[in-house]
Amino acid sequence: ERDYRAQHVRSLAALAAQDFSGPWELIVVDNGSTDGTARVATSAADHRDCSVRVVSEPRRGLNIARNAGVAEASADKIAICDADDAVDPGWLRAMLEGLNEFDLVGGAMRTTRINTRSALELRGLSGSQGLGRSVGKGLGYLPQVIGANFGFTRAIWEQVGRFDERFQRGGGDVDFAWRAQLRGTTIGYRSDPMRSSITDSVRTSPQHSDSTSVT
């Protein structure tokens with residue numbers, strides 16, 4: 001099985017560089033990994049105001065891991081990024097500011113910094129400027145979110161009924177956002193490039209861990 005530790009270290013180092021001031025917790029879900037995810041997480045995520053916990057969830061699946069992480073979190077506001085993404089220093093602060101206004105919030109997605117040319121071509125992004133939105137209406141229905149870069153309140157997660165674990169890979173984030181909006185929730189987007197929540201997104205490998213930042 002491929003070793004994904006380098007991706008995990010990069011993701012955790014980005015979270016450790018957050019400029020948010022105040023106590024927060026980082027929940028890392030070890031989703032059946034075999035590459036030492038738990039050991040990497042406890043050593044790579046070092047932030048003065050952050051407590052790190054590793055949760056073991058042997059049942060593999062992206063939405064299974066997300067539910068496990070949120071269930072373990074103690075905060076009312078939750079922000080999620082994936083184990084193969086790297087967030088900007090202002091990401092957590094922007095997510096929390098957005099959640100002061102909306103029930104669900106997403107930010108910008110930068111694709112050019114850590115993706116290879118072949119990965120961008122595979123996704124049809126080789127001609128893009130490298131910035132996209134994690135909130136949009138590309139499916140022609142309600143706005144949807146990209147799970148690699150969005151936040152929500154614990155109350156919404158409980159009211160909606162968690163992430164649907166029948167979605168083994170993609171689609172669970174869209175389903176979650178649609179179910180939430182059908183209950184009357186609000187959804188917002190942080191677009192200011194200096195204060196927005198930006199992730200560098202990689203989508204070329206399966207994920208065996210999932211990082212959840214919570215304050």
# chains A, B, ... in the order shown; residues from 1 in each chain; ligands from 1
>>> residues_around(residues="Ala17 (chain A)", least_positions_apart="5", cutoff="10 Å", atoms="only C-alpha atoms", output="PyMOL selection string")
chain A and resi 12+45-48+87-91
>>> residues_around(residues="region 146-153 of chain A", least_positions_apart="5", cutoff="7 Å", atoms="only C-alpha atoms", output="number ranges by chain")
A: 76-82, 95, 99, 103-107, 134-135, 173, 199
>>> closest_residue(among="A:Ala180, A:Ala75, A:Ile27, A:Val160", to="Glu57 (chain A)", atoms="only C-alpha atoms")
A:Ile27
>>> closest_residue(among="A:Arg5, A:Arg166, A:Ala71, A:Cys50", to="Ser33 (chain A)", atoms="only C-alpha atoms")
A:Arg5
>>> closest_residue(among="A:Leu139, A:Ala83, A:Met109, A:Ala41", to="Arg190 (chain A)", atoms="only C-alpha atoms")
A:Met109
>>> select_by_dssp(residues="region 126-183 of chain A", states="strand (DSSP E)", output="JSON, numbers by chain")
{"A": [131, 132, 133, 135, 136, 144, 145, 150, 151, 152, 153]}
>>> select_by_dssp(residues="region 1-114 of chain A", states="helix (DSSP H, G or I)", output="ChimeraX atom specification")
/A:5-16,37-44,62-72,91-99
>>> residues_around(residues="Leu142 (chain A)", least_positions_apart="4", cutoff="10 Å", atoms="only C-alpha atoms", output="list in words")
Gly136, Lys137, Gly138, Val174, Ala177, Trp178, Arg179, Gln181 and Leu182 of chain A
>>> write_last_selection(atoms="N, CA and C atoms", output="mmCIF file, in the first residue's frame")
data_model
loop_
_atom_site.group_PDB
_atom_site.id
_atom_site.type_symbol
_atom_site.label_atom_id
_atom_site.label_comp_id
_atom_site.auth_asym_id
_atom_site.auth_seq_id
_atom_site.Cartn_x
_atom_site.Cartn_y
_atom_site.Cartn_z
ATOM 1 N N GLY A 136 -20.947 26.297 -4.709
ATOM 2 C CA GLY A 136 -21.399 26.642 -6.047
ATOM 3 C C GLY A 136 -22.707 25.952 -6.386
ATOM 4 N N LYS A 137 -23.193 26.200 -7.615
ATOM 5 C CA LYS A 137 -24.446 25.590 -8.073
ATOM 6 C C LYS A 137 -24.213 24.825 -9.364
ATOM 7 N N GLY A 138 -23.058 24.186 -9.463
ATOM 8 C CA GLY A 138 -22.699 23.504 -10.692
ATOM 9 C C GLY A 138 -23.600 22.342 -11.051
ATOM 10 N N VAL A 174 -22.124 17.139 -0.916
ATOM 11 C CA VAL A 174 -23.244 17.752 -1.630
ATOM 12 C C VAL A 174 -24.567 17.361 -0.969
ATOM 13 N N ALA A 177 -25.073 19.265 2.334
ATOM 14 C CA ALA A 177 -25.444 20.669 2.146
ATOM 15 C C ALA A 177 -26.880 20.808 1.653
ATOM 16 N N TRP A 178 -27.291 19.932 0.770
ATOM 17 C CA TRP A 178 -28.660 20.015 0.260
ATOM 18 C C TRP A 178 -29.674 19.686 1.358
ATOM 19 N N ARG A 179 -29.428 18.648 2.124
ATOM 20 C CA ARG A 179 -30.352 18.300 3.205
ATOM 21 C C ARG A 179 -30.433 19.431 4.232
ATOM 22 N N GLN A 181 -29.921 22.679 3.650
ATOM 23 C CA GLN A 181 -30.642 23.830 3.097
ATOM 24 C C GLN A 181 -32.141 23.566 2.993
ATOM 25 N N LEU A 182 -32.515 22.336 2.753
ATOM 26 C CA LEU A 182 -33.937 22.012 2.700
ATOM 27 C C LEU A 182 -34.601 22.157 4.070
#
>>> closest_residue(among="A:Arg93, A:Arg66, A:Arg154, A:Arg59", to="Pro23 (chain A)", atoms="only C-alpha atoms")
A:Arg93
>>> closest_residue(among="A:Glu101, A:Glu72, A:Asp85, A:Asp175", to="Leu26 (chain A)", atoms="only C-alpha atoms")
A:Glu72
>>> atom_distance(atom1="CA of Thr34 (chain A)", atom2="CA of His8 (chain A)")
12.8 Å
>>> atom_distance(atom1="CA of Trp24 (chain A)", atom2="CA of Glu97 (chain A)")
14.2 Å
>>> closest_residue(among="A:Gln144, A:Gln168, A:Thr42, A:Gln159", to="Asn63 (chain A)", atoms="only C-alpha atoms")
A:Gln168
